[in-house]
$ cat upload_4.csv   # CSV, C-alpha atoms and all ligand atoms
chain,number,residue,atom,x,y,z
A,1,MET,CA,93.9,115.2,98.2
A,2,LYS,CA,96.7,116.7,96.1
A,3,THR,CA,100.2,115.9,97.3
A,4,ASP,CA,102.7,118.8,96.9
A,5,ILE,CA,106.4,117.9,96.6
A,6,VAL,CA,108.8,120.6,97.7
A,7,ARG,CA,112.4,120.1,96.7
A,8,ALA,CA,115.0,121.3,99.1
A,9,GLU,CA,118.2,121.7,97.0
A,10,SER,CA,119.5,125.2,97.3
A,11,ALA,CA,119.8,127.2,100.5
A,12,GLY,CA,116.8,129.3,99.5
A,13,ALA,CA,114.7,126.2,98.7
A,14,ILE,CA,115.7,124.6,102.0
A,15,SER,CA,114.4,127.6,103.9
A,16,VAL,CA,111.1,127.4,102.1
A,17,ALA,CA,110.9,123.7,102.7
A,18,VAL,CA,111.5,124.2,106.4
A,19,GLU,CA,108.9,126.9,106.6
A,20,LYS,CA,106.3,124.8,104.8
A,21,ALA,CA,107.0,121.7,107.0
A,22,VAL,CA,106.8,123.7,110.2
A,23,SER,CA,103.5,125.4,109.1
A,24,ALA,CA,102.1,122.0,108.4
A,25,LEU,CA,103.1,120.7,111.8
A,26,ARG,CA,101.7,123.8,113.5
A,27,ALA,CA,98.4,123.5,111.6
A,28,GLY,CA,98.0,119.9,112.8
A,29,THR,CA,98.5,118.3,109.5
A,30,ILE,CA,101.0,115.7,108.4
A,31,VAL,CA,104.1,116.0,106.2
A,32,ALA,CA,106.6,113.5,104.8
A,33,VAL,CA,110.2,114.4,105.6
A,34,PRO,CA,113.7,112.9,105.0
A,35,THR,CA,115.6,111.6,108.0
A,36,GLU,CA,119.1,110.0,108.0
A,37,THR,CA,117.5,106.5,108.0
A,38,VAL,CA,114.4,106.5,105.9
A,39,TYR,CA,111.6,109.1,105.1
A,40,GLY,CA,109.2,109.7,107.9
A,41,LEU,CA,105.6,110.8,108.0
A,42,ALA,CA,105.6,113.6,110.6
A,43,ALA,CA,103.0,115.2,112.9
A,44,ASP,CA,103.0,117.2,116.1
A,45,ALA,CA,103.6,114.4,118.7
A,46,LEU,CA,101.7,116.3,121.4
A,47,ASN,CA,98.6,116.7,119.3
A,48,THR,CA,96.3,113.6,119.3
A,49,ASP,CA,94.3,114.6,116.2
A,50,ALA,CA,97.4,115.4,114.2
A,51,SER,CA,99.1,112.1,115.2
A,52,LEU,CA,95.9,110.2,114.3
A,53,LYS,CA,96.3,111.4,110.7
A,54,ILE,CA,99.5,109.4,110.5
A,55,PHE,CA,97.6,106.2,111.3
A,56,GLU,CA,94.9,107.0,108.7
A,57,ALA,CA,97.3,107.8,105.9
A,58,LYS,CA,99.5,104.8,106.5
A,59,GLU,CA,96.5,102.5,107.3
A,60,ARG,CA,98.5,101.6,110.4
A,61,PRO,CA,96.8,99.8,113.2
A,62,ARG,CA,96.4,101.9,116.3
A,63,PHE,CA,98.2,99.3,118.4
A,64,ASP,CA,101.5,100.1,116.7
A,65,PRO,CA,103.3,103.0,118.5
A,66,LEU,CA,105.2,105.8,116.8
A,67,ILE,CA,108.7,107.1,117.4
A,68,VAL,CA,109.0,110.6,118.9
A,69,HIS,CA,111.7,112.8,117.5
A,70,LEU,CA,113.0,115.4,119.9
A,71,PRO,CA,114.5,118.8,119.1
A,72,ASP,CA,117.4,117.8,121.3
A,73,ALA,CA,118.4,115.5,124.1
A,74,GLY,CA,117.4,118.2,126.7
A,75,TRP,CA,113.8,117.4,125.8
A,76,LEU,CA,114.1,113.9,127.1
A,77,PRO,CA,112.9,114.5,130.7
A,78,ARG,CA,109.8,116.1,129.4
A,79,VAL,CA,108.5,113.0,127.5
A,80,ALA,CA,110.2,110.2,129.3
A,81,ARG,CA,111.5,109.1,132.7
A,82,ILE,CA,115.2,108.5,133.1
A,83,ASP,CA,116.8,107.9,136.4
A,84,ARG,CA,120.3,109.2,136.0
A,85,ASN,CA,121.4,107.7,139.3
A,86,SER,CA,120.5,104.1,138.4
A,87,ALA,CA,123.0,101.8,136.6
A,88,ASP,CA,120.5,101.5,133.7
A,89,GLY,CA,120.2,105.3,133.6
A,90,ALA,CA,123.9,105.7,133.4
A,91,ILE,CA,124.1,103.3,130.4
A,92,MET,CA,121.3,105.3,128.8
A,93,GLU,CA,123.2,108.5,129.3
A,94,LYS,CA,126.3,107.1,127.6
A,95,LEU,CA,124.3,105.8,124.6
A,96,ILE,CA,122.8,109.3,124.2
A,97,GLU,CA,126.1,110.9,124.4
A,98,ALA,CA,127.6,108.5,121.8
A,99,PHE,CA,124.8,108.3,119.3
A,100,TRP,CA,122.5,111.3,119.5
A,101,PRO,CA,121.7,113.0,117.2
A,102,GLY,CA,121.7,109.8,115.1
A,103,PRO,CA,120.0,106.6,114.1
A,104,LEU,CA,119.4,105.2,117.6
A,105,THR,CA,115.9,104.9,119.1
A,106,LEU,CA,115.6,104.3,122.9
A,107,ILE,CA,112.5,102.8,124.6
A,108,LEU,CA,111.9,104.6,128.0
A,109,PRO,CA,109.1,104.8,130.5
A,110,ARG,CA,106.9,107.6,129.3
A,111,ARG,CA,105.6,110.8,130.7
A,112,ASP,CA,103.0,113.1,129.1
A,113,VAL,CA,102.8,111.8,125.5
A,114,PRO,CA,99.3,111.2,124.0
A,115,ASP,CA,98.1,107.6,124.2
A,116,VAL,CA,97.7,107.4,120.4
A,117,VAL,CA,101.4,108.0,120.0
A,118,THR,CA,102.5,105.3,122.4
A,119,ALA,CA,99.5,103.0,121.5
A,120,GLY,CA,98.7,103.1,125.2
A,121,LEU,CA,102.0,101.4,126.2
A,122,ASP,CA,103.7,102.8,129.4
A,123,THR,CA,106.8,103.3,127.4
A,124,VAL,CA,107.8,105.8,124.6
A,125,ALA,CA,110.2,105.4,121.7
A,126,VAL,CA,112.5,108.5,121.3
A,127,ARG,CA,115.3,109.6,119.1
A,128,VAL,CA,117.0,112.8,117.9
A,129,SER,CA,117.6,112.9,114.2
A,130,ALA,CA,120.9,114.0,112.7
A,131,HIS,CA,119.4,114.8,109.2
A,132,PRO,CA,120.3,118.4,108.6
A,133,LEU,CA,116.9,119.3,107.1
A,134,PHE,CA,114.7,117.3,109.4
A,135,ALA,CA,116.7,118.5,112.5
A,136,ARG,CA,116.1,122.1,111.3
A,137,ILE,CA,112.4,121.4,111.0
A,138,VAL,CA,112.1,119.9,114.4
A,139,ALA,CA,114.2,122.7,116.0
A,140,ALA,CA,112.1,125.4,114.3
A,141,PHE,CA,108.9,123.6,115.3
A,142,GLY,CA,110.4,123.5,118.8
A,143,SER,CA,108.4,120.5,120.1
A,144,PRO,CA,108.5,116.7,119.7
A,145,VAL,CA,107.5,115.3,116.3
A,146,ALA,CA,106.0,111.8,115.9
A,147,ALA,CA,107.2,110.1,112.7
A,148,PRO,CA,107.0,106.5,111.6
A,149,SER,CA,108.4,105.5,108.2
A,150,ALA,CA,106.5,107.1,105.3
A,151,ASN,CA,105.1,103.9,103.8
A,152,ARG,CA,101.7,102.2,103.9
A,153,PHE,CA,101.6,99.7,106.8
A,154,GLY,CA,103.7,96.6,106.4
A,155,ARG,CA,105.4,97.7,103.2
A,156,VAL,CA,108.9,98.7,102.3
A,157,SER,CA,110.2,102.0,103.8
A,158,PRO,CA,110.9,104.8,101.4
A,159,THR,CA,114.4,106.1,101.0
A,160,ASP,CA,113.7,108.9,98.5
A,161,ALA,CA,110.8,111.2,97.8
A,162,LYS,CA,109.7,109.2,94.7
A,163,ALA,CA,109.2,106.2,96.9
A,164,VAL,CA,107.2,108.2,99.4
A,165,ALA,CA,105.0,109.4,96.5
A,166,ALA,CA,104.6,105.8,95.3
A,167,GLU,CA,103.3,104.9,98.8
A,168,LEU,CA,101.3,107.9,99.9
A,169,ASP,CA,100.5,110.1,96.9
A,170,GLY,CA,97.0,111.5,97.3
A,171,ARG,CA,96.9,110.5,100.9
A,172,ILE,CA,99.1,113.3,102.4
A,173,PRO,CA,99.3,117.0,101.5
A,174,LEU,CA,103.1,117.5,101.5
A,175,ILE,CA,106.4,115.8,100.8
A,176,ILE,CA,109.7,117.5,101.5
A,177,ASP,CA,112.2,116.1,99.0
A,178,GLY,CA,115.7,116.0,100.6
A,179,GLY,CA,117.2,113.5,98.2
A,180,GLN,CA,118.2,109.9,99.1
A,181,THR,CA,118.6,109.0,102.8
A,182,LEU,CA,122.1,108.4,104.2
A,183,HIS,CA,121.6,105.0,105.9
A,184,GLY,CA,118.8,103.3,104.0
A,185,VAL,CA,117.4,101.3,106.9
A,186,GLU,CA,115.4,102.3,109.9
A,187,SER,CA,117.0,103.3,113.3
A,188,THR,CA,118.3,100.7,115.7
A,189,ILE,CA,115.9,100.3,118.6
A,190,VAL,CA,117.1,99.4,122.1
A,191,ARG,CA,115.9,99.2,125.6
A,192,VAL,CA,118.1,99.1,128.7
A,193,HIS,CA,117.2,96.6,131.3
A,194,ASP,CA,119.1,95.2,134.3
A,195,GLY,CA,122.4,96.4,133.0
A,196,ARG,CA,121.9,94.9,129.6
A,197,LEU,CA,120.9,96.3,126.2
A,198,GLU,CA,117.9,94.6,124.6
A,199,LEU,CA,118.0,95.0,120.8
A,200,LEU,CA,114.5,95.3,119.5
A,201,ARG,CA,115.4,96.2,115.9
A,202,HIS,CA,118.8,96.0,114.1
A,203,GLY,CA,119.8,99.2,112.4
A,204,PRO,CA,122.7,101.6,111.4
A,205,VAL,CA,124.0,101.6,115.0
A,206,THR,CA,125.4,98.0,115.1
A,207,MET,CA,125.5,95.3,117.8
A,208,GLU,CA,129.3,95.6,117.7
A,209,GLN,CA,129.1,99.3,118.5
A,210,LEU,CA,126.5,98.8,121.2
A,211,SER,CA,128.4,96.1,123.0
A,212,ALA,CA,131.0,98.7,124.0
A,213,PHE,CA,128.4,100.0,126.4
A,214,ALA,CA,126.8,96.9,127.9
A,215,PRO,CA,126.1,93.3,127.1
A,216,VAL,CA,123.7,93.2,124.2
A,217,LYS,CA,120.9,90.7,123.9
A,218,VAL,CA,118.7,90.4,120.8
A,219,ALA,CA,115.1,90.3,122.0
A,220,GLU,CA,113.3,87.2,121.0
A,221,PRO,CA,110.0,87.8,119.1
A,222,GLY,CA,108.1,86.6,122.2
A,223,GLU,CA,109.8,89.1,124.5
A,224,ARG,CA,109.1,92.1,122.3
A,225,PRO,CA,106.2,94.4,122.9
A,226,VAL,CA,103.3,93.6,120.7
A,227,ALA,CA,104.1,95.9,117.8
A,228,PRO,CA,103.8,95.1,114.1
A,229,GLY,CA,107.2,96.5,113.3
A,230,GLN,CA,108.4,93.4,115.2
A,231,LEU,CA,106.0,91.0,113.5
A,232,ALA,CA,107.5,88.3,111.4
A,233,SER,CA,106.1,89.6,108.1
A,234,HIS,CA,106.9,93.2,107.5
A,235,TYR,CA,108.9,95.3,105.0
A,236,ALA,CA,107.1,93.2,102.4
A,237,PRO,CA,107.1,93.7,98.7
A,238,ALA,CA,103.9,92.5,97.0
A,239,THR,CA,106.0,90.0,95.0
A,240,PRO,CA,106.8,86.8,96.8
A,241,LEU,CA,110.5,86.8,98.0
A,242,VAL,CA,112.8,83.9,98.8
A,243,LEU,CA,116.0,84.3,100.7
A,244,VAL,CA,118.9,82.1,99.4
A,245,GLN,CA,122.6,81.8,99.8
A,246,SER,CA,123.4,82.2,96.1
A,247,ALA,CA,121.1,83.3,93.3
A,248,ASP,CA,123.4,81.3,90.9
A,249,THR,CA,122.6,77.9,92.5
A,250,PHE,CA,118.9,78.6,93.2
A,251,VAL,CA,116.6,76.7,90.8
A,252,ILE,CA,114.2,79.1,89.3
A,253,PRO,CA,110.7,77.6,89.0
A,254,ARG,CA,109.9,76.6,85.4
A,255,ASN,CA,108.2,79.3,83.5
A,256,GLY,CA,108.7,81.6,86.4
A,257,LYS,CA,109.8,85.2,85.8
A,258,ALA,CA,112.2,85.8,88.6
A,259,GLY,CA,114.3,88.8,89.7
A,260,ALA,CA,117.6,88.6,91.7
A,261,LEU,CA,118.6,90.9,94.5
A,262,CYS,CA,122.3,90.2,94.9
A,263,TYR,CA,124.9,91.4,97.3
A,264,GLU,CA,128.1,91.8,95.3
A,265,ARG,CA,127.8,90.1,92.0
A,266,LYS,CA,125.3,89.5,89.2
A,267,PRO,CA,124.2,85.9,88.8
A,268,LYS,CA,125.2,84.2,85.6
A,269,THR,CA,121.9,83.7,83.9
A,270,GLY,CA,118.2,83.1,84.2
A,271,TYR,CA,116.9,86.2,85.9
A,272,ALA,CA,114.6,88.7,84.2
A,273,ALA,CA,115.8,91.5,86.4
A,274,VAL,CA,118.9,91.9,88.6
A,275,ARG,CA,119.9,94.4,91.2
A,276,VAL,CA,123.3,94.3,92.9
A,277,LEU,CA,123.4,96.0,96.4
A,278,SER,CA,127.1,96.7,96.5
A,279,PRO,CA,129.6,95.7,93.8
A,280,SER,CA,132.4,96.5,96.2
A,281,GLY,CA,130.9,94.4,99.0
A,282,ASP,CA,130.3,97.3,101.3
A,283,LEU,CA,127.5,96.6,103.7
A,284,ARG,CA,126.8,100.3,104.4
A,285,GLU,CA,126.3,100.8,100.7
A,286,ALA,CA,124.1,97.7,100.4
A,287,ALA,CA,121.9,99.1,103.2
A,288,VAL,CA,121.5,102.4,101.4
A,289,ASN,CA,120.4,100.6,98.2
A,290,LEU,CA,118.3,97.8,99.8
A,291,PHE,CA,114.8,99.3,99.9
A,292,ARG,CA,115.1,101.1,96.5
A,293,CYS,CA,116.2,97.9,94.8
A,294,LEU,CA,113.5,95.9,96.5
A,295,ARG,CA,111.0,98.5,95.4
A,296,GLU,CA,112.3,98.4,91.8
A,297,LEU,CA,112.1,94.6,91.6
A,298,ASP,CA,108.7,94.7,93.1
A,299,GLU,CA,107.6,97.0,90.3
A,300,ALA,CA,109.1,94.8,87.5
A,301,ARG,CA,106.1,92.5,87.3
A,302,LEU,CA,108.0,89.4,88.4
A,303,GLU,CA,106.6,86.3,89.9
A,304,LEU,CA,109.4,85.9,92.4
A,305,ILE,CA,112.2,87.9,93.9
A,306,VAL,CA,115.3,85.8,94.8
A,307,ALA,CA,117.3,87.7,97.5
A,308,GLU,CA,120.8,86.6,98.4
A,309,GLU,CA,121.9,86.6,102.1
A,310,VAL,CA,124.5,89.2,103.0
A,311,PRO,CA,127.1,88.8,105.8
A,312,ALA,CA,125.2,89.3,109.1
A,313,GLU,CA,127.9,91.5,110.6
A,314,GLY,CA,127.7,95.2,111.2
A,315,VAL,CA,124.8,96.8,109.4
A,316,GLY,CA,124.5,93.5,107.5
A,317,ALA,CA,122.4,92.3,110.5
A,318,ALA,CA,119.9,95.0,109.8
A,319,ILE,CA,119.8,94.1,106.1
A,320,MET,CA,119.3,90.4,107.0
A,321,GLU,CA,116.5,91.3,109.5
A,322,ARG,CA,114.6,93.2,106.7
A,323,LEU,CA,115.1,90.4,104.2
A,324,ARG,CA,113.9,87.7,106.5
A,325,ARG,CA,110.7,89.6,107.2
A,326,ALA,CA,110.2,90.4,103.5
A,327,ALA,CA,110.6,86.7,102.9
A,328,THR,CA,108.1,85.5,105.5
A,329,ARG,CA,105.2,86.5,103.4
A,330,GLY,CA,106.5,85.4,100.0
A,331,SER,CA,107.9,82.0,100.9
A,332,ALA,CA,104.4,80.5,101.2
A,333,VAL,CA,103.7,81.0,97.5
A,334,VAL,CA,107.1,80.3,95.9
A,335,GLY,CA,106.7,79.2,92.3
A,336,LYS,CA,103.1,80.3,91.9
A,337,PRO,CA,102.2,83.6,90.4
A,338,PRO,CA,101.1,86.2,93.0
A,401,LIG,O1,114.6,105.3,111.5
A,401,LIG,C1,113.4,105.3,112.0
A,401,LIG,O2,113.3,104.8,113.1
A,401,LIG,C2,112.3,105.8,111.2
A,401,LIG,C3,112.5,107.3,111.0
A,401,LIG,C4,111.3,108.0,110.3
A,401,LIG,O3,112.7,107.9,112.3
A,401,LIG,N1,111.0,105.5,111.8
A,401,LIG,C5,110.5,104.3,111.9
A,401,LIG,O4,109.3,104.3,112.5
A,401,LIG,O5,111.1,103.3,111.4
A,401,LIG,P1,108.3,103.0,112.4
A,401,LIG,O6,107.1,103.4,113.1
A,401,LIG,O7,108.2,102.5,111.0
A,401,LIG,O8,109.0,101.9,113.3
A,401,LIG,C6,109.0,102.2,114.7
A,401,LIG,C7,109.1,100.9,115.4
A,401,LIG,C8,107.8,100.1,115.3
A,401,LIG,O9,108.2,98.7,115.1
A,401,LIG,C9,107.2,100.3,116.6
A,401,LIG,O10,106.4,99.1,116.9
A,401,LIG,C10,108.3,100.4,117.5
A,401,LIG,O11,109.2,101.2,116.8
A,401,LIG,N2,108.0,101.1,118.8
A,401,LIG,C11,107.5,102.3,118.9
A,401,LIG,N3,107.3,102.6,120.2
A,401,LIG,C12,107.6,101.5,120.9
A,401,LIG,C13,107.6,101.2,122.3
A,401,LIG,N4,107.1,102.0,123.2
A,401,LIG,N5,108.0,99.9,122.6
A,401,LIG,C14,108.5,99.1,121.7
A,401,LIG,N6,108.5,99.3,120.4
A,401,LIG,C15,108.1,100.5,120.0
A,402,MG,MG,108.0,101.3,109.5
$ encode --input "upload_4.csv" --output "structure tokens"
Amino acid sequence: MKTDIVRAESAGAISVAVEKAVSALRAGTIVAVPTETVYGLAADALNTDASLKIFEAKERPRFDPLIVHLPDAGWLPRVARIDRNSADGAIMEKLIEAFWPGPLTLILPRRDVPDVVTAGLDTVAVRVSAHPLFARIVAAFGSPVAAPSANRFGRVSPTDAKAVAAELDGRIPLIIDGGQTLHGVESTIVRVHDGRLELLRHGPVTMEQLSAFAPVKVAEPGERPVAPGQLASHYAPATPLVLVQSADTFVIPRNGKAGALCYERKPKTGYAAVRVLSPSGDLREAAVNLFRCLRELDEARLELIVAEEVPAEGVGAAIMERLRRAATRGSAVVGKPP
């Protein structure tokens, strides 16, 4: 399959891109689109055959449910149940008011959404994107759009069109290029339960922000629904990765060609390739650069990526969550060539 890339730069090009994306959705095919978090691979969420194509292109197991992107919050009662009179419902309403459109995904009891989208769970993940281009596409399509991150299963999420092509070229017909994404990490996922917020995935909406609405509890892996996005090993580069406090004091295995993924400063010596996430020590900037830097190091033919911890506050918690999962796979083979 040939993959077309449509660049949406000027006003005219944006209109063309929206039109092409909407035609693809209407035709029951899939299209990669930018969102404010990472690029997504989109299909008509109410069309089973179309949504199945997402699983095929990503090689995603069918038991991993998709996020449904709504044209606006008014769509919520059509895909999910929300009891506005309950205490949990009231918390949910406040979250929606505060963070939608934006990078917050809510898990709710579902209504009529195809089984393939929810992987047969009795809940559905929903959000409303704030990305100007994607929001326009969903609005023009006028119906919910299923979109997981536009990478092959278990791999690093793409934050620009080039990364989407590296993951899915030849597997999908169309990529809408809207430039680099704003946040760089996937949306925060929460569930409201018994007056508390259960955090299923750290993201751009931080724990600190969420705690203004209700007590927040980070769900333990055992309490999370069986879904690979929550499996220990995920977001994994092919190159083994170790997570360390300082790349400077890490002892690089002898004869090992290692790369360093640093937070604020370059290490003094020893690394064949170095990426610094944010020279000014800004966690938001570090998140924006995280997946691109990981991808670049992964492509640099290294035997090991040495990633430095970042402060686990604010969006730093989301960065640390991704790095820990990227490390799970690599740590078993430290020092040996992959
Ligand atoms: O920022 C984002 O959320 C991006 C953009 C494209 O919207 N999407 C994204 O989708 O990250 P994906 O599929 O890569 O991650 C969605 C996560 C998965 O870990 C999935 O298991 C979980 O959401 N999920 C989906 N439905 C769920 C449900 N009903 N209950 C619990 N987890 C669910
Ligand atoms: Mg993903």
$ residues_around --input "upload_4.csv" --residues "Thr3 (chain A)" --least-positions-apart "2" --cutoff "7 Å" --atoms "only C-alpha atoms" --output "VMD selection string"
chain A and resid 1 5 169 to 170 172 to 174
$ write_last_selection --input "upload_4.csv" --atoms "C-alpha atoms" --output "PDB file, in the coordinates of the input"
ATOM      1  CA  MET A   1      93.900 115.200  98.200  1.00  0.00           C
ATOM      2  CA  ILE A   5     106.400 117.900  96.600  1.00  0.00           C
ATOM      3  CA  ASP A 169     100.500 110.100  96.900  1.00  0.00           C
ATOM      4  CA  GLY A 170      97.000 111.500  97.300  1.00  0.00           C
ATOM      5  CA  ILE A 172      99.100 113.300 102.400  1.00  0.00           C
ATOM      6  CA  PRO A 173      99.300 117.000 101.500  1.00  0.00           C
ATOM      7  CA  LEU A 174     103.100 117.500 101.500  1.00  0.00           C
TER       8      LEU A 174
END
$ atom_distance --input "upload_4.csv" --atom1 "CA of Ala326 (chain A)" --atom2 "CA of His69 (chain A)"
26.5 Å
$ closest_residue --input "upload_4.csv" --among "A:Asp282, A:Asp88, A:Asp298, A:Asp160" --to "Leu108 (chain A)" --atoms "all atoms listed in the file"
A:Asp88
$ closest_atom_pairs --input "upload_4.csv" --of "region 103-214 of chain A" --to "region 73-77 of chain A" --cutoff "9 Å" --atoms "all atoms listed in the file" --output "tab-separated table"
residue	atom	partner	partner_atom	distance
A:Arg111	CA	A:Pro77	CA	8.2
A:Val126	CA	A:Leu76	CA	8.1
A:Arg127	CA	A:Ala73	CA	8.3
A:Val128	CA	A:Ala73	CA	6.9
A:Ser143	CA	A:Trp75	CA	8.4
A:Pro144	CA	A:Trp75	CA	8.1
$ closest_residue --input "upload_4.csv" --among "A:Glu59, A:Asp248, A:Glu186, A:Asp112" --to "ligand MG 402 (chain A)" --atoms "only C-alpha atoms and all ligand atoms"
A:Glu186
$ atom_distance --input "upload_4.csv" --atom1 "CA of Leu46 (chain A)" --atom2 "CA of Val145 (chain A)"
7.8 Å
$ atom_distance --input "upload_4.csv" --atom1 "CA of Ala318 (chain A)" --atom2 "CA of Gly154 (chain A)"
16.6 Å
$ closest_residue --input "upload_4.csv" --among "A:Ile189, A:Met207, A:Leu261, A:Val138" --to "ligand LIG 401 (chain A)" --atoms "all atoms listed in the file"
A:Ile189
$ closest_residue --input "upload_4.csv" --among "A:Val156, A:Ala80, A:Ile175, A:Val22" --to "Thr118 (chain A)" --atoms "all atoms listed in the file"
A:Ala80
$ residues_near_ligand --input "upload_4.csv" --ligand "ligand MG 402 (chain A)" --cutoff "12 Å" --atoms "all atoms listed in the file" --output "number ranges by chain"
A: 37-41, 54-55, 58-61, 64-67, 147-159, 185-187, 201, 227-231, 233-236, 291, 322
$ decode --input "upload_4.csv" --residues "region 124-139 of chain A" --atoms "N, CA, C and O atoms" --output "PDB file, in the first residue's frame"
ATOM      1  N   VAL A 124     -15.808   2.461  28.376  1.00  0.00           N
ATOM      2  CA  VAL A 124     -15.239   3.053  27.170  1.00  0.00           C
ATOM      3  C   VAL A 124     -14.341   4.222  27.572  1.00  0.00           C
ATOM      4  O   VAL A 124     -14.633   4.934  28.538  1.00  0.00           O
ATOM      5  N   ALA A 125     -13.227   4.391  26.862  1.00  0.00           N
ATOM      6  CA  ALA A 125     -12.314   5.512  27.110  1.00  0.00           C
ATOM      7  C   ALA A 125     -12.685   6.640  26.149  1.00  0.00           C
ATOM      8  O   ALA A 125     -12.778   6.417  24.944  1.00  0.00           O
ATOM      9  N   VAL A 126     -12.924   7.836  26.687  1.00  0.00           N
ATOM     10  CA  VAL A 126     -13.333   8.953  25.823  1.00  0.00           C
ATOM     11  C   VAL A 126     -12.525  10.215  26.099  1.00  0.00           C
ATOM     12  O   VAL A 126     -12.117  10.473  27.238  1.00  0.00           O
ATOM     13  N   ARG A 127     -12.301  10.975  25.049  1.00  0.00           N
ATOM     14  CA  ARG A 127     -11.751  12.315  25.230  1.00  0.00           C
ATOM     15  C   ARG A 127     -12.182  13.208  24.075  1.00  0.00           C
ATOM     16  O   ARG A 127     -12.682  12.723  23.057  1.00  0.00           O
ATOM     17  N   VAL A 128     -11.998  14.533  24.258  1.00  0.00           N
ATOM     18  CA  VAL A 128     -12.245  15.509  23.194  1.00  0.00           C
ATOM     19  C   VAL A 128     -10.913  16.213  22.960  1.00  0.00           C
ATOM     20  O   VAL A 128     -10.354  16.803  23.888  1.00  0.00           O
ATOM     21  N   SER A 129     -10.389  16.106  21.744  1.00  0.00           N
ATOM     22  CA  SER A 129      -9.059  16.677  21.468  1.00  0.00           C
ATOM     23  C   SER A 129      -9.122  18.184  21.262  1.00  0.00           C
ATOM     24  O   SER A 129     -10.073  18.715  20.697  1.00  0.00           O
ATOM     25  N   ALA A 130      -8.063  18.855  21.699  1.00  0.00           N
ATOM     26  CA  ALA A 130      -7.969  20.309  21.526  1.00  0.00           C
ATOM     27  C   ALA A 130      -7.097  20.669  20.327  1.00  0.00           C
ATOM     28  O   ALA A 130      -6.870  21.851  20.064  1.00  0.00           O
ATOM     29  N   HIS A 131      -6.599  19.659  19.590  1.00  0.00           N
ATOM     30  CA  HIS A 131      -5.740  19.998  18.447  1.00  0.00           C
ATOM     31  C   HIS A 131      -6.577  20.673  17.359  1.00  0.00           C
ATOM     32  O   HIS A 131      -7.571  20.104  16.914  1.00  0.00           O
ATOM     33  N   PRO A 132      -6.205  21.877  16.932  1.00  0.00           N
ATOM     34  CA  PRO A 132      -7.068  22.618  16.005  1.00  0.00           C
ATOM     35  C   PRO A 132      -7.424  21.825  14.737  1.00  0.00           C
ATOM     36  O   PRO A 132      -8.565  21.850  14.293  1.00  0.00           O
ATOM     37  N   LEU A 133      -6.434  21.120  14.184  1.00  0.00           N
ATOM     38  CA  LEU A 133      -6.678  20.377  12.945  1.00  0.00           C
ATOM     39  C   LEU A 133      -7.518  19.120  13.206  1.00  0.00           C
ATOM     40  O   LEU A 133      -8.518  18.868  12.522  1.00  0.00           O
ATOM     41  N   PHE A 134      -7.135  18.351  14.207  1.00  0.00           N
ATOM     42  CA  PHE A 134      -7.875  17.114  14.493  1.00  0.00           C
ATOM     43  C   PHE A 134      -9.300  17.449  14.958  1.00  0.00           C
ATOM     44  O   PHE A 134     -10.268  16.793  14.565  1.00  0.00           O
ATOM     45  N   ALA A 135      -9.427  18.499  15.786  1.00  0.00           N
ATOM     46  CA  ALA A 135     -10.758  18.898  16.256  1.00  0.00           C
ATOM     47  C   ALA A 135     -11.644  19.252  15.053  1.00  0.00           C
ATOM     48  O   ALA A 135     -12.831  18.912  15.011  1.00  0.00           O
ATOM     49  N   ARG A 136     -11.045  19.906  14.073  1.00  0.00           N
ATOM     50  CA  ARG A 136     -11.812  20.264  12.863  1.00  0.00           C
ATOM     51  C   ARG A 136     -12.226  19.017  12.088  1.00  0.00           C
ATOM     52  O   ARG A 136     -13.338  18.937  11.563  1.00  0.00           O
ATOM     53  N   ILE A 137     -11.320  18.050  12.029  1.00  0.00           N
ATOM     54  CA  ILE A 137     -11.617  16.799  11.318  1.00  0.00           C
ATOM     55  C   ILE A 137     -12.775  16.070  12.008  1.00  0.00           C
ATOM     56  O   ILE A 137     -13.732  15.646  11.358  1.00  0.00           O
ATOM     57  N   VAL A 138     -12.689  15.946  13.327  1.00  0.00           N
ATOM     58  CA  VAL A 138     -13.735  15.215  14.062  1.00  0.00           C
ATOM     59  C   VAL A 138     -15.069  15.965  13.954  1.00  0.00           C
ATOM     60  O   VAL A 138     -16.124  15.351  13.759  1.00  0.00           O
ATOM     61  N   ALA A 139     -15.016  17.302  14.037  1.00  0.00           N
ATOM     62  CA  ALA A 139     -16.249  18.095  13.930  1.00  0.00           C
ATOM     63  C   ALA A 139     -16.869  17.923  12.545  1.00  0.00           C
ATOM     64  O   ALA A 139     -18.083  17.730  12.408  1.00  0.00           O
TER      65      ALA A 139
END
